[in-house]
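Visitor: My questions will all concern the structure given below.
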Amino acid sequence: MKDLLKQKISTVISELQLPEIEINFEKPKVEAHGDLTTNAAMLLAKVAKKNPRETAKAIVEKLSGAFPEISSIEIAGPGFINFKFSPSYFIEQSKEILRQGEHFGKSAAGAGKKTNVEWVSANPTGPLHSGHGRQVILGAAISKLLEWTGFDVTREYYFNNAGNQMRMLAESIYARYRQELGEDYPFPEEGYKGDYIVDIAKEIVKEKGDTLKQSDDEKLYFKKAGEEWCFTKIKETLERLGVRHDVFYNEDSLYATGKIQEVIEEFRKADLAYDAEGAVWFRATKFGAEKDRVIVKSSGEPTYRLPDIAYHREKFRRGFELIVDIFGADHIATIPDVLAGVEALGYKTDSVKVIIHQMVSFVNGDELIKMSKRNAKVFTLDDLIDLVGVDAVHYFFVMRSANTHLEFDIALAKEQSDKNPVYYLQYAHARIASILRHAVSEGFTPPDAGEYLRRTDFSLIKEKEEIDLLKILIELPEIIQSCALSFEPHRLTTYLKEAAESFHRFYHEHRVINDDKNLMQARLTLCLMAKIVIANGCKILGVSYPEKM
RNA sequence: GCACCCGUAGCUCAACUGGAUAGAGCGUUGGCCUCCGAAGCCAAAGGUUUCGGGUUCAAAUCCCGACGGGUGUACCA
């Protein structure tokens, strides 16, 4: 409809011999301004130097009567053209909800574009902590949104089980191991202080006794054991949240296949790398960075930048047309370097979309929860799930825009009451389910979408709250698409809340179960539509949609 | 110091990416269950969108400058 209208308006504009412009529509905030509005006349006024209201008038005259679905066209304010649609238009649209059912909301806008979403990517040096939650949830929601919008999504987790961090992990475990054996063994200054290190050490003592005490070569064993323990833990946590990755990409493979060396050589050949102070430097300044960066340390080990660059090149080589990276604000420094590197290798950075989310703080009512890295008691993501449940974790981490700081109120999230926004949504779904069950007990057929579509006399839907509900329900596909294309899942939560609200208002004003069987069927159909929309939205967010609660 | 993000009701945050009268939840105050789920609905109060300039028909949104908060600024990742 929007597209048809857009076409029509642009032909009208050329008939009026006005310059060509981009026509945008918007859904007005205020109900009195209709269902759709365009600022075309105002934009024309600017280029054609004409009075916007007069221009609007000329356009409207040519438009009137062109579409039976449009019940009125008005000119308002400085020159907005407001369109109002007839109820039958919304009713017709809403039938799609029943026809598509659990697929309603999907679109093909992504056109099967090969897409890689990389997120979490925490090295296996410990369990995921609560702050990781935002990243975990954000990436899952974005992946789901892209999938629903027709992108071909590969979910990826990049990790490094070599290097400094893992060495430190091994040393930390080793020290705890010796301590477990009753020795006064020094703990490394920069070691991992979490209690889980002690747990790992205990397990090793149980299995191997003191046989690993002497030989330094055996430290390899500690690294392996630590990695395995941590990765198992991480994967269990992701599993609990229903988050799965298709590919776990190990940085090591980049060395094994010579991809790291390849990048260095190419850089050298193009004079983008040089030796200084015993290290190899990348001329990042050539690509807008503030200073050149070391890519191979004087020790001969690459810094994290080099494999990151090689890894991103591999994403291009693997044929991904859209590359999405999700990072926390604490990793922001690496981004310009990686982008510069990719550019240096001759790839366009346009197809790389980096989502940076700000940090999270946790409060419990009024009390701020302090997170210190020195603390042995880590507040893990598992702990958070135990406290507030999977649904609240999903909903709370995604309900705010990624680029603002998030305050996670644990007291609120675990409260089983109306204060908690997760319940508002779930309650609407459970309430609808209950009504449908009730109808079945009154002798109605179980809510089968196809059956409901055939049996319903849609002309009985005419109350204001009924039409308002339909209006919002049919927006789902558009909302999903725009959330996906802007990588902003939080807007879906806002929408779902509004949809639930609209349902509650309808429910409150009109009886569904009543003596008029035909009217009852029509309203049951409305309920079923609302149920489908809420359920589909919840699916994307990873929130459950209970039949009873 | 420099780079990035943010500053909106008492608190936590929205605002369709430049549109019309800036909206929700919590908290506060009041109303609504003989009837399908009151985990709900309705209403009231609460604002110079941190401040100062600019851009234009139109600015919370874009630009410049202050102030305040966060995150970075490694031959750690």
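Following the order of the structure tokens, chains are lettered A, B, ..., residues in each are numbered from 1, and ligands are numbered from 1.
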Using only C-alpha atoms (C1' of nucleotides), determine which residues of chain B fall within 9 Å of chain A; present them as a CSV table (one decimal) with N, CA and C atoms (P, O5', C5', C4', C3', O3' and C1' of nucleotides), in the first residue's frame.

Guide:
chain,number,residue,atom,x,y,z
B,3,A,P,39.7,14.5,20.1
B,3,A,O5',39.4,12.9,20.0
B,3,A,C5',39.9,12.2,18.9
B,3,A,C4',39.5,10.7,19.0
B,3,A,C3',38.0,10.5,19.3
B,3,A,O3',37.2,10.5,18.1
B,3,A,C1',39.2,9.2,20.8
B,4,C,P,35.7,11.0,18.1
B,4,C,O5',35.0,9.8,18.8
B,4,C,C5',34.8,8.6,18.1
B,4,C,C4',34.2,7.5,19.0
B,4,C,C3',32.9,7.8,19.6
B,4,C,O3',31.8,7.6,18.8
B,4,C,C1',34.4,7.0,21.2
B,5,C,P,30.5,8.5,19.0
B,5,C,O5',29.8,7.9,20.3
B,5,C,C5',29.3,6.6,20.3
B,5,C,C4',28.8,6.2,21.7
B,5,C,C3',27.8,7.2,22.3
B,5,C,O3',26.5,7.0,21.8
B,5,C,C1',29.4,6.7,23.9
B,6,C,P,25.5,8.3,21.7
B,6,C,O5',25.2,8.6,23.2
B,6,C,C5',24.4,7.8,23.9
B,6,C,C4',24.5,8.1,25.4
B,6,C,C3',23.9,9.5,25.8
B,6,C,O3',22.5,9.4,25.9
B,6,C,C1',25.9,9.1,26.9
B,12,U,P,18.5,7.0,37.2
B,12,U,O5',17.8,5.8,36.5
B,12,U,C5',17.9,4.4,36.9
B,12,U,C4',17.2,3.5,36.0
B,12,U,C3',17.4,3.7,34.5
B,12,U,O3',18.6,3.1,34.1
B,12,U,C1',15.1,3.5,35.0
B,13,C,P,19.3,3.5,32.7
B,13,C,O5',18.0,3.4,31.7
B,13,C,C5',18.0,4.0,30.4
B,13,C,C4',16.6,3.6,29.9
B,13,C,C3',16.3,4.2,28.5
B,13,C,O3',16.9,3.4,27.5
B,13,C,C1',14.5,4.5,29.9
B,14,A,P,17.0,3.9,26.0
B,14,A,O5',15.5,3.7,25.4
B,14,A,C5',14.8,4.8,25.1
B,14,A,C4',13.4,4.3,24.6
B,14,A,C3',13.1,5.0,23.2
B,14,A,O3',13.5,4.2,22.2
B,14,A,C1',11.4,5.5,24.8
B,16,C,P,12.7,8.3,16.6
B,16,C,O5',12.4,7.6,15.2
B,16,C,C5',13.0,6.4,14.9
B,16,C,C4',12.0,5.6,14.1
B,16,C,C3',11.5,6.3,12.8
B,16,C,O3',12.4,6.1,11.7
B,16,C,C1',9.7,5.3,13.9
B,19,G,P,12.0,13.2,12.7
B,19,G,O5',11.3,14.3,13.6
B,19,G,C5',10.0,14.1,14.0
B,19,G,C4',9.2,15.4,13.9
B,19,G,C3',7.7,15.1,13.8
B,19,G,O3',7.0,16.2,14.4
B,19,G,C1',8.4,16.4,11.9
B,20,A,P,6.8,16.0,16.0
B,20,A,O5',5.7,17.1,16.2
B,20,A,C5',6.0,18.5,15.9
B,20,A,C4',4.8,19.2,15.6
B,20,A,C3',3.6,19.0,16.5
B,20,A,O3',2.9,20.2,16.7
B,20,A,C1',2.9,18.4,14.4
B,21,U,P,3.2,21.3,17.8
B,21,U,O5',2.8,20.5,19.2
B,21,U,C5',3.1,21.2,20.4
B,21,U,C4',2.7,20.3,21.5
B,21,U,C3',3.2,18.9,21.5
B,21,U,O3',3.5,18.4,22.8
B,21,U,C1',0.9,18.8,21.6
B,24,A,P,1.8,7.9,27.3
B,24,A,O5',2.5,6.5,27.6
B,24,A,C5',3.0,6.1,28.9
B,24,A,C4',3.8,4.9,28.7
B,24,A,C3',4.1,4.3,30.1
B,24,A,O3',3.1,3.4,30.4
B,24,A,C1',6.1,4.6,28.9
B,25,G,P,2.5,3.4,31.9
B,25,G,O5',3.6,2.6,32.7
B,25,G,C5',4.0,1.2,32.3
B,25,G,C4',5.2,0.8,33.0
B,25,G,C3',5.3,1.1,34.5
B,25,G,O3',4.7,0.1,35.2
B,25,G,C1',7.3,1.8,33.4
B,26,C,P,3.9,0.5,36.6
B,26,C,O5',5.2,0.8,37.5
B,26,C,C5',6.1,-0.3,37.9
B,26,C,C4',7.2,0.3,38.7
B,26,C,C3',6.9,1.2,39.9
B,26,C,O3',6.6,0.3,41.0
B,26,C,C1',8.5,2.3,38.6
B,35,C,P,-17.9,-12.2,39.2
B,35,C,O5',-18.9,-12.2,38.0
B,35,C,C5',-19.1,-13.4,37.2
B,35,C,C4',-18.9,-13.0,35.8
B,35,C,C3',-17.5,-12.7,35.3
B,35,C,O3',-16.8,-13.9,35.0
B,35,C,C1',-19.0,-11.1,34.4
B,36,C,P,-15.3,-13.9,35.0
B,36,C,O5',-14.9,-14.0,33.5
B,36,C,C5',-15.3,-15.2,32.8
B,36,C,C4',-14.4,-15.4,31.6
B,36,C,C3',-13.0,-15.2,31.8
B,36,C,O3',-12.3,-16.3,32.3
B,36,C,C1',-13.8,-14.3,29.7
B,37,G,P,-10.7,-16.3,32.4
B,37,G,O5',-10.2,-14.9,33.0
B,37,G,C5',-10.5,-14.6,34.3
B,37,G,C4',-9.2,-13.9,34.9
B,37,G,C3',-8.7,-12.7,34.1
B,37,G,O3',-8.2,-11.8,35.0
B,37,G,C1',-7.0,-14.3,34.2
B,39,A,P,-3.7,-10.5,39.2
B,39,A,O5',-2.6,-9.8,38.3
B,39,A,C5',-2.0,-8.6,38.7
B,39,A,C4',-0.7,-8.4,37.9
B,39,A,C3',-0.9,-8.3,36.4
B,39,A,O3',0.2,-7.5,35.9
B,39,A,C1',0.4,-10.3,36.9
B,40,G,P,-0.1,-6.0,35.5
B,40,G,O5',-1.6,-6.1,34.8
B,40,G,C5',-1.7,-6.5,33.5
B,40,G,C4',-3.1,-6.3,33.0
B,40,G,C3',-3.6,-4.9,32.9
B,40,G,O3',-3.2,-4.3,31.7
B,40,G,C1',-5.2,-6.1,34.1
B,41,C,P,-2.9,-2.7,31.6
B,41,C,O5',-4.4,-2.2,31.7
B,41,C,C5',-5.3,-2.3,30.6
B,41,C,C4',-6.6,-1.7,30.9
B,41,C,C3',-6.6,-0.2,31.2
B,41,C,O3',-6.6,0.5,29.9
B,41,C,C1',-7.8,-1.2,32.9
B,57,C,P,14.1,27.2,5.2
B,57,C,O5',13.0,27.1,6.3
B,57,C,C5',12.2,28.3,6.7
B,57,C,C4',10.9,27.8,7.3
B,57,C,C3',11.1,27.0,8.6
B,57,C,O3',11.3,27.8,9.7
B,57,C,C1',9.6,25.9,7.2
B,58,A,P,12.4,27.4,10.8
B,58,A,O5',12.0,26.0,11.3
B,58,A,C5',10.9,25.9,12.2
B,58,A,C4',10.5,24.5,12.5
B,58,A,C3',11.6,23.7,13.2
B,58,A,O3',11.7,23.9,14.5
B,58,A,C1',10.7,22.4,11.4
B,70,G,P,32.5,8.3,36.0
B,70,G,O5',32.2,7.3,34.8
B,70,G,C5',31.3,6.2,34.9
B,70,G,C4',31.0,5.6,33.6
B,70,G,C3',32.3,5.0,32.9
B,70,G,O3',32.6,3.7,33.5
B,70,G,C1',31.1,6.2,31.3
B,71,U,P,34.2,3.3,33.6
B,71,U,O5',34.5,2.9,32.1
B,71,U,C5',33.8,1.9,31.4
B,71,U,C4',34.2,1.9,29.9
B,71,U,C3',35.7,1.8,29.7
B,71,U,O3',36.1,0.5,29.8
B,71,U,C1',34.7,3.4,28.3
B,72,G,P,37.6,0.2,30.2
B,72,G,O5',38.3,0.2,28.8
B,72,G,C5',39.5,0.9,28.5
B,72,G,C4',39.5,1.2,27.1
B,72,G,C3',40.9,1.7,26.6
B,72,G,O3',41.7,0.6,26.2
B,72,G,C1',39.3,3.3,26.0
B,73,U,P,43.2,0.5,26.8
B,73,U,O5',43.9,1.8,26.1
B,73,U,C5',44.1,1.8,24.7
B,73,U,C4',44.5,3.2,24.2
B,73,U,C3',45.7,3.7,24.9
B,73,U,O3',46.9,3.3,24.2
B,73,U,C1',44.0,5.4,25.0
B,75,C,P,52.3,-0.8,22.3
B,75,C,O5',52.8,-2.3,22.4
B,75,C,C5',52.5,-3.2,21.4
B,75,C,C4',53.1,-4.5,21.8
B,75,C,C3',53.2,-4.6,23.3
B,75,C,O3',52.8,-5.9,23.7
B,75,C,C1',55.4,-4.8,22.2
B,76,C,P,52.4,-6.9,24.4
B,76,C,O5',51.1,-6.6,25.3
B,76,C,C5',49.8,-6.7,24.8
B,76,C,C4',49.1,-7.6,25.7
B,76,C,C3',47.9,-8.3,25.1
B,76,C,O3',48.2,-9.4,24.4
B,76,C,C1',47.3,-7.4,27.2
B,77,A,P,47.6,-9.7,23.0
B,77,A,O5',46.1,-10.0,23.3
B,77,A,C5',45.7,-11.2,23.8
B,77,A,C4',44.2,-11.1,24.1
B,77,A,C3',43.3,-10.8,22.9
B,77,A,O3',42.9,-12.0,22.2
B,77,A,C1',42.8,-9.3,24.6

Visitor: So which bits of stretch 336-501 of chain A end up strand (DSSP E) when you DSSP the backbone, as an MDAnalysis selection string?

Guide: chainID A and resid 352:357 360:364 367:369 406:409

Visitor: Please determine, counting only C-alpha atoms (C1' of nucleotides), which residue among B:C63, B:A22, B:A74, B:A43 has the shortest atom-to-atom distance to B:A9.

Guide: B:A22

Visitor: Give me every helix (DSSP H, G or I) residue in stretch 388-501 of chain A, going by DSSP on the backbone, as a compact mmCIF listing (two decimals) with N, CA, C and O atoms, in the first residue's frame.

Guide:
# COMPACT_ATOMS: atom_id res chain seq x y z
N VAL A 388 17.44 -14.54 38.43
CA VAL A 388 16.28 -13.90 37.80
C VAL A 388 15.60 -14.74 36.73
O VAL A 388 14.51 -14.40 36.26
N VAL A 390 15.85 -17.25 32.99
CA VAL A 390 16.25 -17.08 31.59
C VAL A 390 15.47 -15.97 30.89
O VAL A 390 16.04 -15.15 30.17
N ASP A 391 14.16 -15.92 31.10
CA ASP A 391 13.34 -14.94 30.41
C ASP A 391 13.73 -13.51 30.75
O ASP A 391 13.86 -12.67 29.87
N ALA A 392 13.91 -13.26 32.03
CA ALA A 392 14.26 -11.90 32.46
C ALA A 392 15.63 -11.52 31.92
O ALA A 392 15.86 -10.38 31.51
N VAL A 393 16.56 -12.47 31.90
CA VAL A 393 17.89 -12.18 31.37
C VAL A 393 17.77 -11.73 29.91
O VAL A 393 18.32 -10.71 29.51
N HIS A 394 17.01 -12.49 29.13
CA HIS A 394 16.83 -12.11 27.73
C HIS A 394 16.19 -10.74 27.59
O HIS A 394 16.67 -9.89 26.84
N TYR A 395 15.11 -10.55 28.29
CA TYR A 395 14.34 -9.32 28.10
C TYR A 395 15.11 -8.09 28.59
O TYR A 395 15.22 -7.10 27.89
N PHE A 396 15.67 -8.17 29.78
CA PHE A 396 16.32 -7.00 30.37
C PHE A 396 17.56 -6.55 29.59
O PHE A 396 17.82 -5.37 29.46
N PHE A 397 18.31 -7.52 29.08
CA PHE A 397 19.53 -7.13 28.38
C PHE A 397 19.24 -6.53 27.00
O PHE A 397 20.10 -5.87 26.43
N VAL A 398 18.06 -6.79 26.49
CA VAL A 398 17.82 -6.32 25.13
C VAL A 398 16.87 -5.11 25.12
O VAL A 398 16.65 -4.50 24.09
N ILE A 410 18.30 -6.19 39.56
CA ILE A 410 18.06 -7.59 39.87
C ILE A 410 16.79 -7.77 40.70
O ILE A 410 16.00 -8.68 40.45
N ALA A 411 16.57 -6.86 41.62
CA ALA A 411 15.37 -6.96 42.45
C ALA A 411 14.13 -6.89 41.57
O ALA A 411 13.18 -7.66 41.75
N LEU A 412 14.15 -6.00 40.59
CA LEU A 412 13.01 -5.85 39.69
C LEU A 412 12.85 -7.08 38.80
O LEU A 412 11.75 -7.60 38.60
N ALA A 413 13.99 -7.57 38.31
CA ALA A 413 13.94 -8.68 37.36
C ALA A 413 13.44 -9.97 38.01
O ALA A 413 12.86 -10.81 37.35
N LYS A 414 13.70 -10.11 39.30
CA LYS A 414 13.27 -11.38 39.91
C LYS A 414 11.91 -11.26 40.57
O LYS A 414 11.37 -12.24 41.06
N PRO A 421 8.49 -5.84 33.69
CA PRO A 421 7.98 -5.71 32.32
C PRO A 421 7.88 -7.03 31.56
O PRO A 421 7.08 -7.15 30.64
N VAL A 422 8.69 -8.02 31.93
CA VAL A 422 8.63 -9.30 31.23
C VAL A 422 7.24 -9.93 31.43
O VAL A 422 6.67 -10.50 30.51
N TYR A 423 6.73 -9.78 32.65
CA TYR A 423 5.47 -10.41 32.97
C TYR A 423 4.30 -9.78 32.25
O TYR A 423 3.31 -10.44 31.94
N TYR A 424 4.43 -8.51 31.98
CA TYR A 424 3.35 -7.80 31.29
C TYR A 424 3.07 -8.47 29.95
O TYR A 424 1.93 -8.74 29.58
N LEU A 425 4.14 -8.74 29.23
CA LEU A 425 4.05 -9.38 27.92
C LEU A 425 3.54 -10.80 28.05
O LEU A 425 2.61 -11.22 27.36
N GLN A 426 4.16 -11.54 28.94
CA GLN A 426 3.80 -12.94 29.12
C GLN A 426 2.38 -13.09 29.63
O GLN A 426 1.66 -14.01 29.25
N TYR A 427 1.99 -12.13 30.46
CA TYR A 427 0.64 -12.18 30.99
C TYR A 427 -0.39 -12.04 29.88
O TYR A 427 -1.41 -12.74 29.87
N ALA A 428 -0.12 -11.14 28.96
CA ALA A 428 -1.05 -10.96 27.83
C ALA A 428 -1.21 -12.27 27.08
O ALA A 428 -2.33 -12.67 26.73
N HIS A 429 -0.11 -12.95 26.84
CA HIS A 429 -0.16 -14.21 26.10
C HIS A 429 -0.93 -15.27 26.88
O HIS A 429 -1.81 -15.95 26.34
N ALA A 430 -0.65 -15.38 28.16
CA ALA A 430 -1.32 -16.38 29.00
C ALA A 430 -2.82 -16.07 29.09
O ALA A 430 -3.66 -16.98 29.08
N ARG A 431 -3.12 -14.81 29.16
CA ARG A 431 -4.52 -14.40 29.26
C ARG A 431 -5.29 -14.82 28.00
O ARG A 431 -6.39 -15.33 28.07
N ILE A 432 -4.68 -14.57 26.86
CA ILE A 432 -5.31 -14.96 25.60
C ILE A 432 -5.50 -16.47 25.54
O ILE A 432 -6.57 -16.97 25.19
N ALA A 433 -4.45 -17.20 25.94
CA ALA A 433 -4.53 -18.66 25.92
C ALA A 433 -5.69 -19.13 26.78
O ALA A 433 -6.42 -20.05 26.42
N SER A 434 -5.85 -18.46 27.90
CA SER A 434 -6.91 -18.83 28.81
C SER A 434 -8.29 -18.59 28.19
O SER A 434 -9.20 -19.40 28.33
N ILE A 435 -8.43 -17.47 27.51
CA ILE A 435 -9.70 -17.16 26.84
C ILE A 435 -10.00 -18.22 25.78
O ILE A 435 -11.13 -18.71 25.68
N LEU A 436 -8.99 -18.58 25.02
CA LEU A 436 -9.20 -19.57 23.96
C LEU A 436 -9.58 -20.93 24.55
O LEU A 436 -10.45 -21.61 24.01
N ARG A 437 -8.96 -21.28 25.65
CA ARG A 437 -9.34 -22.53 26.33
C ARG A 437 -10.79 -22.47 26.78
O ARG A 437 -11.55 -23.42 26.61
N HIS A 438 -11.12 -21.34 27.33
CA HIS A 438 -12.48 -21.14 27.82
C HIS A 438 -13.48 -21.32 26.68
O HIS A 438 -14.53 -21.95 26.84
N ALA A 439 -13.15 -20.76 25.53
CA ALA A 439 -14.05 -20.86 24.37
C ALA A 439 -14.23 -22.31 23.95
O ALA A 439 -15.33 -22.73 23.60
N VAL A 440 -13.15 -23.06 23.99
CA VAL A 440 -13.23 -24.47 23.61
C VAL A 440 -14.18 -25.20 24.56
O VAL A 440 -15.01 -26.01 24.14
N SER A 441 -14.09 -24.87 25.83
CA SER A 441 -14.97 -25.52 26.79
C SER A 441 -16.42 -25.09 26.57
O SER A 441 -17.35 -25.75 27.01
N ALA A 449 -5.79 -21.71 13.02
CA ALA A 449 -5.80 -20.46 12.27
C ALA A 449 -6.62 -20.55 10.98
O ALA A 449 -7.42 -19.67 10.67
N GLY A 450 -6.42 -21.64 10.24
CA GLY A 450 -7.13 -21.78 8.97
C GLY A 450 -8.64 -21.85 9.19
O GLY A 450 -9.42 -21.22 8.49
N GLU A 451 -9.00 -22.60 10.19
CA GLU A 451 -10.41 -22.77 10.54
C GLU A 451 -11.02 -21.42 10.95
O GLU A 451 -12.11 -21.06 10.55
N TYR A 452 -10.27 -20.70 11.76
CA TYR A 452 -10.75 -19.39 12.22
C TYR A 452 -10.93 -18.43 11.05
O TYR A 452 -11.85 -17.64 11.01
N LEU A 453 -10.01 -18.51 10.11
CA LEU A 453 -10.07 -17.63 8.94
C LEU A 453 -11.35 -17.89 8.15
O LEU A 453 -12.03 -16.97 7.72
N ARG A 454 -11.68 -19.17 8.00
CA ARG A 454 -12.89 -19.52 7.23
C ARG A 454 -14.17 -19.14 7.96
O ARG A 454 -15.12 -18.69 7.38
N ARG A 455 -14.18 -19.33 9.27
CA ARG A 455 -15.42 -19.17 10.01
C ARG A 455 -15.77 -17.73 10.38
O ARG A 455 -16.89 -17.45 10.76
N PHE A 458 -15.65 -11.14 9.26
CA PHE A 458 -14.78 -10.03 9.65
C PHE A 458 -15.51 -8.68 9.71
O PHE A 458 -15.02 -7.74 10.31
N SER A 459 -16.66 -8.63 9.08
CA SER A 459 -17.39 -7.35 9.12
C SER A 459 -17.91 -7.03 10.52
O SER A 459 -18.33 -5.92 10.79
N LEU A 460 -17.84 -8.01 11.41
CA LEU A 460 -18.29 -7.77 12.79
C LEU A 460 -17.24 -7.04 13.63
O LEU A 460 -17.51 -6.62 14.74
N LYS A 464 -13.69 0.53 18.09
CA LYS A 464 -12.44 1.27 18.03
C LYS A 464 -11.26 0.47 18.56
O LYS A 464 -10.21 0.38 17.93
N GLU A 465 -11.44 -0.16 19.74
CA GLU A 465 -10.35 -0.92 20.35
C GLU A 465 -9.96 -2.12 19.50
O GLU A 465 -8.82 -2.57 19.54
N GLU A 466 -10.93 -2.66 18.76
CA GLU A 466 -10.66 -3.81 17.90
C GLU A 466 -9.80 -3.39 16.71
O GLU A 466 -8.80 -4.03 16.38
N ILE A 467 -10.19 -2.29 16.10
CA ILE A 467 -9.43 -1.80 14.95
C ILE A 467 -8.04 -1.33 15.37
O ILE A 467 -7.04 -1.60 14.70
N ASP A 468 -7.99 -0.65 16.52
CA ASP A 468 -6.69 -0.20 17.03
C ASP A 468 -5.74 -1.38 17.23
O ASP A 468 -4.55 -1.30 16.93
N LEU A 469 -6.30 -2.47 17.75
CA LEU A 469 -5.48 -3.66 17.98
C LEU A 469 -4.97 -4.21 16.64
O LEU A 469 -3.79 -4.51 16.49
N LEU A 470 -5.86 -4.30 15.68
CA LEU A 470 -5.45 -4.80 14.36
C LEU A 470 -4.34 -3.95 13.76
O LEU A 470 -3.37 -4.46 13.22
N LYS A 471 -4.50 -2.64 13.89
CA LYS A 471 -3.52 -1.71 13.32
C LYS A 471 -2.13 -2.03 13.82
O LYS A 471 -1.18 -2.04 13.05
N ILE A 472 -2.03 -2.25 15.11
CA ILE A 472 -0.70 -2.48 15.67
C ILE A 472 -0.20 -3.89 15.34
O ILE A 472 0.97 -4.09 15.05
N LEU A 473 -1.10 -4.86 15.34
CA LEU A 473 -0.67 -6.23 15.06
C LEU A 473 -0.06 -6.38 13.67
O LEU A 473 0.93 -7.09 13.50
N LEU A 476 3.90 -5.83 12.72
CA LEU A 476 5.03 -6.67 13.13
C LEU A 476 6.10 -6.88 12.05
O LEU A 476 7.28 -6.68 12.32
N PRO A 477 5.74 -7.24 10.82
CA PRO A 477 6.78 -7.49 9.82
C PRO A 477 7.66 -6.26 9.57
O PRO A 477 8.88 -6.37 9.46
N GLU A 478 7.00 -5.11 9.53
CA GLU A 478 7.75 -3.88 9.29
C GLU A 478 8.68 -3.57 10.45
O GLU A 478 9.82 -3.13 10.25
N ILE A 479 8.20 -3.78 11.66
CA ILE A 479 9.01 -3.53 12.85
C ILE A 479 10.23 -4.45 12.86
O ILE A 479 11.37 -4.01 13.07
N ILE A 480 10.01 -5.72 12.59
CA ILE A 480 11.12 -6.68 12.61
C ILE A 480 12.16 -6.28 11.58
O ILE A 480 13.37 -6.27 11.85
N GLN A 481 11.67 -5.93 10.41
CA GLN A 481 12.59 -5.54 9.35
C GLN A 481 13.41 -4.32 9.74
O GLN A 481 14.62 -4.29 9.57
N SER A 482 12.76 -3.33 10.31
CA SER A 482 13.52 -2.12 10.62
C SER A 482 14.45 -2.34 11.81
O SER A 482 15.54 -1.78 11.86
N CYS A 483 14.04 -3.18 12.75
CA CYS A 483 14.95 -3.52 13.87
C CYS A 483 16.18 -4.24 13.33
O CYS A 483 17.30 -4.01 13.78
N ALA A 484 15.96 -5.13 12.36
CA ALA A 484 17.06 -5.91 11.81
C ALA A 484 18.02 -5.01 11.04
O ALA A 484 19.23 -5.05 11.24
N LEU A 485 17.47 -4.17 10.19
CA LEU A 485 18.33 -3.35 9.33
C LEU A 485 19.07 -2.27 10.11
O LEU A 485 20.12 -1.81 9.69
N SER A 486 18.51 -1.90 11.27
CA SER A 486 19.21 -0.89 12.08
C SER A 486 19.96 -1.56 13.23
O SER A 486 20.58 -0.87 14.03
N HIS A 490 16.16 -3.50 20.65
CA HIS A 490 15.38 -2.94 21.77
C HIS A 490 14.04 -2.39 21.30
O HIS A 490 13.08 -2.35 22.05
N ARG A 491 13.98 -1.99 20.04
CA ARG A 491 12.72 -1.42 19.55
C ARG A 491 11.62 -2.48 19.45
O ARG A 491 10.45 -2.15 19.45
N LEU A 492 12.03 -3.72 19.35
CA LEU A 492 11.04 -4.79 19.32
C LEU A 492 10.35 -4.93 20.68
O LEU A 492 9.15 -5.18 20.76
N THR A 493 11.10 -4.74 21.76
CA THR A 493 10.47 -4.82 23.08
C THR A 493 9.46 -3.70 23.27
O THR A 493 8.40 -3.89 23.84
N THR A 494 9.83 -2.52 22.79
CA THR A 494 8.90 -1.39 22.88
C THR A 494 7.61 -1.71 22.13
O THR A 494 6.51 -1.50 22.63
N TYR A 495 7.78 -2.23 20.93
CA TYR A 495 6.61 -2.58 20.11
C TYR A 495 5.73 -3.62 20.80
O TYR A 495 4.51 -3.48 20.86
N LEU A 496 6.35 -4.68 21.29
CA LEU A 496 5.58 -5.76 21.90
C LEU A 496 4.80 -5.29 23.13
O LEU A 496 3.70 -5.72 23.37
N LYS A 497 5.41 -4.40 23.85
CA LYS A 497 4.73 -3.84 25.00
C LYS A 497 3.48 -3.09 24.55
O LYS A 497 2.41 -3.22 25.14
N GLU A 498 3.62 -2.34 23.47
CA GLU A 498 2.47 -1.59 22.95
C GLU A 498 1.38 -2.53 22.44
O GLU A 498 0.20 -2.26 22.61
N ALA A 499 1.81 -3.61 21.80
CA ALA A 499 0.84 -4.56 21.27
C ALA A 499 0.06 -5.20 22.43
O ALA A 499 -1.17 -5.32 22.38
N ALA A 500 0.79 -5.58 23.49
CA ALA A 500 0.15 -6.20 24.64
C ALA A 500 -0.82 -5.21 25.28
O ALA A 500 -1.94 -5.56 25.66
N GLU A 501 -0.39 -3.97 25.36
CA GLU A 501 -1.21 -2.92 25.95
C GLU A 501 -2.51 -2.76 25.16
O GLU A 501 -3.59 -2.66 25.73

Visitor: Between A:Glu475, A:Lys233, A:Glu262, A:Glu22, which one has atoms that come closest to A:Asp35, using only C-alpha atoms?

Guide: A:Glu475

Visitor: Near stretch 44-51 of chain B, within 9 Å and counting only C-alpha atoms (C1' of nucleotides), which residues show up once chain neighbours fewer than 2 positions away are dropped, as a VMD selection string?

Guide: chain B and resid 7 to 10 22 28 to 30 60 66 to 68
